[in-house]
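Asks: Dropping a structure here in structure tokens format, bear with me for questions.
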Amino acid sequence: MVSLPIEERLAFQGSMLRLLAERSTEADVRRVMETDAGYDPDVWKALAEIGAVGLLVDPEYGGAGAGPLELELVMEAVGAALLCSPLLTSGVLAAGLLQALGDAEANARLLPGIADGSRIATAALTGSAGTWTPDGVAVRARADGEAWGLEGQASFVTHGQIADVLLVAAVEADGISVFEVDPTAGGVAVKPLPVFDHTLRLAQISFEAAPARLVGKQHAGWNAVEEALGLARVALAGEQAGGGRRVLEFTVDYAKNRIQFGRSIGSYQAIKHMAADLLVESESATSAARHAAAQLAAGAPDAKSAVELAAFACADAFVKICADAIQMHGGIAFTWNHPAHLYLRRARADAQLFGAPAFHRERYVAELEAAHG
Amino acid sequence: MANDAALPVTDDSLREEVRAWLAANWTGPLQSEAERKAWVAKVIEARWAVPRWPTEWMGRGLSDAQARVVEREFAAVGAPGTGQDRTNLWANTLLAGGTQALKEKLIVPLLRGDVGMCLLYSEPGAGSDLAGVRTRADRQGDHFVVNGQKVWTSYAAAADYGMLIARTDWDVPKHRGISFFFLPMEQPGVEVHPLRQITGESQFNEVFFTDAVCPAENLLGELGQGWGVLQTALAYERSAMGEGARGPRSGVSEGPGEPLIALAREAGVLSDPLIRQEIARVIALKKLNALNTARAKADLKQGTASALMSLGKLAMSRILHEEARVRTLILGAGSVLEGPDHPRAEDANFLTLNAYFTSIGGGTDQIQRNIIGERVLGLPKEPEVDRDIPFREVRTS
Ligand SMILES: Cc1cc2nc3c(=O)[nH]c(=O)nc-3n(C[C@H](O)[C@H](O)[C@H](O)COP(=O)(O)OP(=O)(O)OC[C@H]3O[C@@H](n4cnc5c(N)ncnc54)[C@H](O)[C@@H]3O)c2cc1C
């Protein structure tokens with residue numbers, strides 16, 4: 001995959017950080033997370049304008065044509081700011097899936113709108129088991145002459161309730177294919193799910209003889225899904241690393257300033273050692289996420305195992321940092337008005353999206369086994 | 001009325017007496033709050049509620065071992081109401097330090113559960129360092145005038161009284177200038193502002209005092225000796241927190257048996273070896289804590305258990321955090337949901353957050369470890385820079 005020249009990458013990162021500092025403050029996050037849509041359309045436009053939404057999209061279709069390295073950096077900033085948006089959903093998962101499927105007609109029709117933010121696409125890849133594996137797919141496709149119809153249910157569909165386009169993984173005869181579905185079509189019912197992380201939107205989508213269009217080649221579906229999930233996992237790892245770093249920062253800051261027994265609480269080894277351990281977690285998460293991005297960008301032979309490693313290491317690190325941060329703050333972090341729980345909620349959601357840590361550990365070992373015989 | 005307490009009671013005669021009384025009075029499960037209240041009143045009247053206490057305060061002056069005979073008999077038929085001499089934080093603290101007048105007024109209502117109570121300890125600047133409280137109580141004739149602020153006060157909104165620590169002397173070192181009061185909450189000088197918790201609930205509050213009035217007879221212990229009274233109260237609180245915490249809040253039970261096993265079965269992952277290992281770990285933590293607690297209590301005299309209670313509380317904190325973690329593991333992706341349609345996720349998430357009630361509230365895990373290290377193991381104390389200087393000169397945030 002491609003990468004931008006380093007100066008462009010840094011300039012891009014700079015504009016992303018500025019945008020988030022101005023438009024995704026804690027107050028913004030709290031306001032937006034209570035809306036139905038779960039994102040701020042103006043900020044979405046601004047994200048598209050600086051090129052973040054179309055980051056991965058080929059320039060031919062109006063995108064920046066960047067790759068995992070840029071994506072990972074952007075997502076670190078997103079995680080730190082707890083941005084509420086369908087960026088990962090539309091710009092990474094759906095765009096990545098379309099590009100992996102390589103259907104020129106569908107790409108020409110869908111990607112420009114995805115890149116400029118005017119169209120939000122999502123991918124429905126798993127059923128209520130939430131495994132993100134081929135056997136977790138609970139939608140079936142039936143050919144009806146030239147046309148296709150879908151039956152069944154997809155769940156944990158990120159931003160399903162605001163999507164204009166659904167890319168649905170469905171089983172037909174002897175394989176999985178991906179279909180494009182219009183969520184407003186007859187036979188499609190989108191039900192928002194209540195999510196513990198209020199900054200995230202998930203939906204359950206039911207299909208009953210829902211009209212669908214095959215995207216890409218028949219049965220080539222799951223390979224493309226895996227490719228898109230690889231990008232999404234790198235993105236998520238970046239978000240986790242960035243989020244964890246931010247939480248550690250404000251926690252260490254608090255430990256320096258909060259005084260008990262006439263001393264700052266950070267002077268107690270109980271707190272100091274927790275902070276030091278969390279720095280190891282946070283640095284490891286950052287390394288894992290950036291390494292995965294670099295290997296994927298380079299098409300390195302160990303790219304898959306690097307992504308698996310990042311997926312569980314970053315997930316566990318983000319959860320641990322948030323959990324310990326609450327303990328290190330004491331009572332103040334048990335309040336709704338303190339940001340620590342917002343990050344913990346995000347961390348718990350991120351740790352499950354696209355596969356839980358135990359699943360990735362298993363796949364990590366399997367990759368290593370396969371690579372080294 | 002029960003036996004003449006002057007007569008020596010043997011375990012056997014006691015057991016017979018409890019059994020006979022239960023046989024005559026206990027008629028099976030209590031169906032309503034009203035029935036529960038009526039039952040508890042009956043238990044108090046018959047002097048089974050606080051058998052370790054002296055006879056003048058509804059007790060029988062029994063030894064700890066004998067009181068456990070009573071508790072076992074109650075437990076055998078499933079009747080509640082005894083053992084309040086171990087578990088009723090408010091009544092025990094009042095008995096230990098209250099004036100005659102206050103005890104006469106409140107002991108029985110407290111045992112009956114008729115008085116709403118809260119703990120007015122923590123302040124914005126004084127959490128772990130409780131001796132750093134800045135709420136002041138100044139004597140004026142037959143009462144004290146209270147000014148200042150408390151925070152994280154659980155259940156303050158429904159409380160009739162708060163157990164308050166306030167500074168009554170600013171010129172002595174911090175532990176020596178504190179007094180302990182039962183402050184009436186229903187008065188214009190006390191303002192309660194609910195705080196929203198990370199669970200979304202609002203059980204704890206900020207409490208503001210503006211010339212609030214506290215009768216002098218509501219002082220517990222001597223003036224300036226409140227720190228000692230507080231230690232007794234904290235021991236009862238930590239003991240209770242070591243025995244458990246709020247369970248799942250969805251109200252949808254996992255079914256009979258070990259909740260984690262039932263949950264894993266329901267989720268279809270009970271045969272997963274990884275899940276089985278994790279479940280075993282959590283159930284073992286619970287079991288071992290229960291065994292530790294039972295052994296510690298058997299060895300200890302009532303009220304002397306302060307430091308050992310820290311062990312149980314610390315263990316419980318770990319249990320609660322671990323149980324929530326394993327519930328999350330079992331549910332997998334399903335754990336990201338919430339709300340009444342997703343009771344298992346609701347429980348896993350609530351328990352994840354509410355575990356901090358035990359690991360922060362009642363003195364944090366870190367503070368419990370300090371107490372265990374210093375008071376149980378006898379390790380040297382952490383130097384306290386402000387321990388011996390007049391409170392006026394102490395540094396704060
Ligand atoms: C759900 C809940 C309910 C509560 N209910 C009540 C109530 O009803 N009444 C009441 O009075 N209070 C209540 N509290 C307050 C609770 O007792 C305090 O939050 C707790 O004692 C910690 O104080 P703090 O929040 O000020 O944290 P701090 O004392 O500021 O502690 C911050 C961090 O520093 C650490 N730390 C502090 N000192 C040391 C040290 N010497 N060595 C090592 N580490 C240290 C702590 O462990 C913690 O990690 C409640 C708290 C919670 C969370």
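All residue names refer to the structure tokens as shown: chains lettered A, B, ... in order, residues numbered from 1 in each chain, ligands numbered from 1 in order.
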Give me, as a list in words, the residues of chain A touching chain B, with the criterion being at most 6 Å (counting only C-alpha atoms).

Replies: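 On the chain A side, the interface is Gly130, Pro194, Val195, Phe196, Arg258, Ile259, Gln260, Phe261, Gly262, Gly330, Phe334, Thr335, Trp336, Ala349 and Gln352 of chain A.
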
Asks: Could you turn the residues from that selection into a file that holds N, CA, C and O atoms, as a PDB file, in the first residue's frame?

Replies:
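Listing of part_11.pdb after writing:
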```pdb
ATOM      1  N   GLY A 130     -21.316 -11.699  16.861  1.00  0.00           N
ATOM      2  CA  GLY A 130     -20.277 -10.670  16.959  1.00  0.00           C
ATOM      3  C   GLY A 130     -18.879 -11.240  16.897  1.00  0.00           C
ATOM      4  O   GLY A 130     -18.008 -10.871  17.674  1.00  0.00           O
ATOM      5  N   PRO A 194     -28.639   0.129  21.802  1.00  0.00           N
ATOM      6  CA  PRO A 194     -28.098   0.997  22.856  1.00  0.00           C
ATOM      7  C   PRO A 194     -26.671   0.550  23.204  1.00  0.00           C
ATOM      8  O   PRO A 194     -26.435  -0.621  23.476  1.00  0.00           O
ATOM      9  N   VAL A 195     -25.732   1.485  23.170  1.00  0.00           N
ATOM     10  CA  VAL A 195     -24.317   1.133  23.343  1.00  0.00           C
ATOM     11  C   VAL A 195     -23.768   1.775  24.622  1.00  0.00           C
ATOM     12  O   VAL A 195     -24.048   2.933  24.919  1.00  0.00           O
ATOM     13  N   PHE A 196     -23.005   0.998  25.358  1.00  0.00           N
ATOM     14  CA  PHE A 196     -22.394   1.469  26.601  1.00  0.00           C
ATOM     15  C   PHE A 196     -21.455   2.650  26.330  1.00  0.00           C
ATOM     16  O   PHE A 196     -21.358   3.585  27.125  1.00  0.00           O
ATOM     17  N   ARG A 258      -2.667  16.902  42.792  1.00  0.00           N
ATOM     18  CA  ARG A 258      -3.571  16.545  43.881  1.00  0.00           C
ATOM     19  C   ARG A 258      -2.748  16.272  45.152  1.00  0.00           C
ATOM     20  O   ARG A 258      -1.854  15.424  45.150  1.00  0.00           O
ATOM     21  N   ILE A 259      -3.068  16.999  46.213  1.00  0.00           N
ATOM     22  CA  ILE A 259      -2.311  16.844  47.450  1.00  0.00           C
ATOM     23  C   ILE A 259      -3.143  16.143  48.512  1.00  0.00           C
ATOM     24  O   ILE A 259      -4.301  16.490  48.748  1.00  0.00           O
ATOM     25  N   GLN A 260      -2.573  15.096  49.098  1.00  0.00           N
ATOM     26  CA  GLN A 260      -3.148  14.430  50.268  1.00  0.00           C
ATOM     27  C   GLN A 260      -2.007  14.169  51.249  1.00  0.00           C
ATOM     28  O   GLN A 260      -0.887  13.885  50.832  1.00  0.00           O
ATOM     29  N   PHE A 261      -2.282  14.282  52.512  1.00  0.00           N
ATOM     30  CA  PHE A 261      -1.261  14.111  53.562  1.00  0.00           C
ATOM     31  C   PHE A 261      -0.098  15.086  53.329  1.00  0.00           C
ATOM     32  O   PHE A 261       1.060  14.737  53.550  1.00  0.00           O
ATOM     33  N   GLY A 262      -0.400  16.266  52.801  1.00  0.00           N
ATOM     34  CA  GLY A 262       0.635  17.292  52.646  1.00  0.00           C
ATOM     35  C   GLY A 262       1.583  17.054  51.481  1.00  0.00           C
ATOM     36  O   GLY A 262       2.573  17.772  51.342  1.00  0.00           O
ATOM     37  N   GLY A 330      -9.237   8.541  42.255  1.00  0.00           N
ATOM     38  CA  GLY A 330     -10.123   8.512  43.418  1.00  0.00           C
ATOM     39  C   GLY A 330     -11.525   8.946  43.039  1.00  0.00           C
ATOM     40  O   GLY A 330     -11.931   8.867  41.870  1.00  0.00           O
ATOM     41  N   PHE A 334     -15.175   8.984  39.650  1.00  0.00           N
ATOM     42  CA  PHE A 334     -16.418   8.198  39.711  1.00  0.00           C
ATOM     43  C   PHE A 334     -17.612   9.062  39.315  1.00  0.00           C
ATOM     44  O   PHE A 334     -18.746   8.626  39.343  1.00  0.00           O
ATOM     45  N   THR A 335     -17.338  10.307  38.909  1.00  0.00           N
ATOM     46  CA  THR A 335     -18.438  11.190  38.519  1.00  0.00           C
ATOM     47  C   THR A 335     -18.607  11.214  37.005  1.00  0.00           C
ATOM     48  O   THR A 335     -17.642  11.097  36.253  1.00  0.00           O
ATOM     49  N   TRP A 336     -19.848  11.419  36.591  1.00  0.00           N
ATOM     50  CA  TRP A 336     -20.184  11.492  35.163  1.00  0.00           C
ATOM     51  C   TRP A 336     -19.421  12.640  34.500  1.00  0.00           C
ATOM     52  O   TRP A 336     -19.021  12.552  33.344  1.00  0.00           O
ATOM     53  N   ALA A 349     -15.531  -0.682  24.219  1.00  0.00           N
ATOM     54  CA  ALA A 349     -16.130  -0.941  22.901  1.00  0.00           C
ATOM     55  C   ALA A 349     -15.035  -1.314  21.903  1.00  0.00           C
ATOM     56  O   ALA A 349     -15.147  -2.311  21.177  1.00  0.00           O
ATOM     57  N   GLN A 352     -13.793  -4.820  21.702  1.00  0.00           N
ATOM     58  CA  GLN A 352     -14.653  -5.880  21.157  1.00  0.00           C
ATOM     59  C   GLN A 352     -14.868  -5.756  19.656  1.00  0.00           C
ATOM     60  O   GLN A 352     -15.157  -6.741  18.981  1.00  0.00           O
TER      61      GLN A 352
END
```

Asks: Excluding Glu172 in chain A and any residue of its chain fewer than 6 positions from it, enumerate the residues within 8 Å of it, using only C-alpha atoms, and give them as an mmCIF file with N, CA and C atoms, in the first residue's frame.

Replies:
```cif
data_model
loop_
_atom_site.group_PDB
_atom_site.id
_atom_site.type_symbol
_atom_site.label_atom_id
_atom_site.label_comp_id
_atom_site.auth_asym_id
_atom_site.auth_seq_id
_atom_site.Cartn_x
_atom_site.Cartn_y
_atom_site.Cartn_z
ATOM 1 N N ARG A 140 -28.080 -14.578 4.397
ATOM 2 C CA ARG A 140 -27.969 -15.456 3.228
ATOM 3 C C ARG A 140 -28.413 -14.690 1.976
ATOM 4 N N ALA A 141 -27.748 -14.993 0.855
ATOM 5 C CA ALA A 141 -28.102 -14.334 -0.406
ATOM 6 C C ALA A 141 -28.707 -15.366 -1.359
ATOM 7 N N ARG A 142 -29.719 -14.929 -2.108
ATOM 8 C CA ARG A 142 -30.345 -15.821 -3.083
ATOM 9 C C ARG A 142 -30.392 -15.106 -4.428
#
```

Asks: Excluding Ala294 in chain A and its own-chain neighbours fewer than 6 positions away, which residues fall within 9 Å of it when counting only C-alpha atoms? Please give them as a list in words.

Replies: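 Neighbouring residues, sequence-local ones excluded: Pro68, Leu69, Ala300 and Ala303 of chain A.
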
Asks: What is the distance between CA of Gly244 in chain A and CA of Ala333 in chain A, in Å to one decimal?

Replies: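 CA of Gly244 in chain A sits 15.7 Å away from CA of Ala333 in chain A.
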
Asks: Residues at most 10 Å from Ile330 in chain B, counting only C-alpha atoms, excluding those fewer than 5 positions away in the same chain, as a PyMOL selection string?

Replies: chain B and resi 260-261+263-270+272+274-276+278-279+324-325+335+348

Asks: Report as an MDAnalysis selection string: the residues of range 85-279 of chain B with a DSSP assignment of alpha helix (DSSP H), based on the backbone of this structure.

Replies: chainID B and resid 85:87 89:97 100:112 226:243 259:267 273:279

Asks: Put those residues in a file: C-alpha atoms, as a compact mmCIF listing (two decimals), in the first residue's frame.

Replies:
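Result file follows (out-v2.txt):
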```
# COMPACT_ATOMS: atom_id res chain seq x y z
CA ASP B 85 -23.86 -5.91 66.70
CA ARG B 86 -21.41 -6.81 63.91
CA THR B 87 -22.99 -5.19 60.92
CA LEU B 89 -22.32 0.60 61.39
CA TRP B 90 -24.51 3.40 62.72
CA ALA B 91 -25.79 1.72 65.85
CA ASN B 92 -22.40 0.31 66.81
CA THR B 93 -20.69 3.66 66.41
CA LEU B 94 -23.38 5.35 68.48
CA LEU B 95 -23.19 2.70 71.19
CA ALA B 96 -19.41 3.07 71.39
CA GLY B 97 -19.27 6.86 71.60
CA GLN B 100 -26.79 8.75 77.08
CA ALA B 101 -29.39 11.13 75.66
CA LEU B 102 -28.53 10.40 72.04
CA LYS B 103 -28.45 6.66 72.61
CA GLU B 104 -31.87 6.75 74.23
CA LYS B 105 -33.18 8.70 71.30
CA LEU B 106 -31.65 6.78 68.39
CA ILE B 107 -30.34 3.30 69.26
CA VAL B 108 -33.63 1.45 68.83
CA PRO B 109 -34.75 3.40 65.76
CA LEU B 110 -31.33 2.68 64.20
CA LEU B 111 -31.66 -1.03 64.92
CA ARG B 112 -35.14 -0.97 63.42
CA GLY B 226 -13.24 12.36 66.89
CA TRP B 227 -10.40 10.59 65.09
CA GLY B 228 -10.65 7.66 67.49
CA VAL B 229 -14.43 7.40 67.06
CA LEU B 230 -13.90 7.53 63.30
CA GLN B 231 -11.54 4.53 63.42
CA THR B 232 -14.26 2.45 65.07
CA ALA B 233 -16.79 3.54 62.47
CA LEU B 234 -14.40 2.90 59.57
CA ALA B 235 -13.73 -0.62 60.81
CA TYR B 236 -17.45 -1.43 60.72
CA GLU B 237 -17.78 0.14 57.28
CA ARG B 238 -14.82 -1.74 55.82
CA SER B 239 -15.99 -4.95 57.36
CA ALA B 240 -19.33 -4.57 55.58
CA MET B 241 -17.60 -3.67 52.31
CA GLY B 242 -15.41 -6.75 52.64
CA GLU B 243 -18.48 -8.95 52.71
CA PRO B 259 -23.66 -16.82 38.38
CA LEU B 260 -20.55 -16.96 36.18
CA ILE B 261 -21.12 -20.60 35.28
CA ALA B 262 -24.77 -19.91 34.51
CA LEU B 263 -23.78 -16.89 32.43
CA ALA B 264 -21.19 -18.85 30.44
CA ARG B 265 -23.67 -21.66 29.87
CA GLU B 266 -26.27 -19.21 28.62
CA ALA B 267 -23.68 -17.58 26.34
CA PRO B 273 -11.10 -23.91 28.38
CA LEU B 274 -9.97 -20.29 28.58
CA ILE B 275 -13.34 -19.25 30.03
CA ARG B 276 -13.32 -22.16 32.47
CA GLN B 277 -9.91 -21.15 33.82
CA GLU B 278 -11.03 -17.57 34.32
CA ILE B 279 -14.27 -18.57 36.01
```

Asks: Can you pull out the residues contacting Val74 in chain A? Cut-off 8 Å, using only C-alpha atoms, and skip same-chain residues under 2 positions away; I want them as a list of chain:residue names.

Replies: A:Gln13, A:Met16, A:Ala52, A:Glu70, A:Leu71, A:Glu72, A:Glu76, A:Ala77, A:Val78, A:Gly238
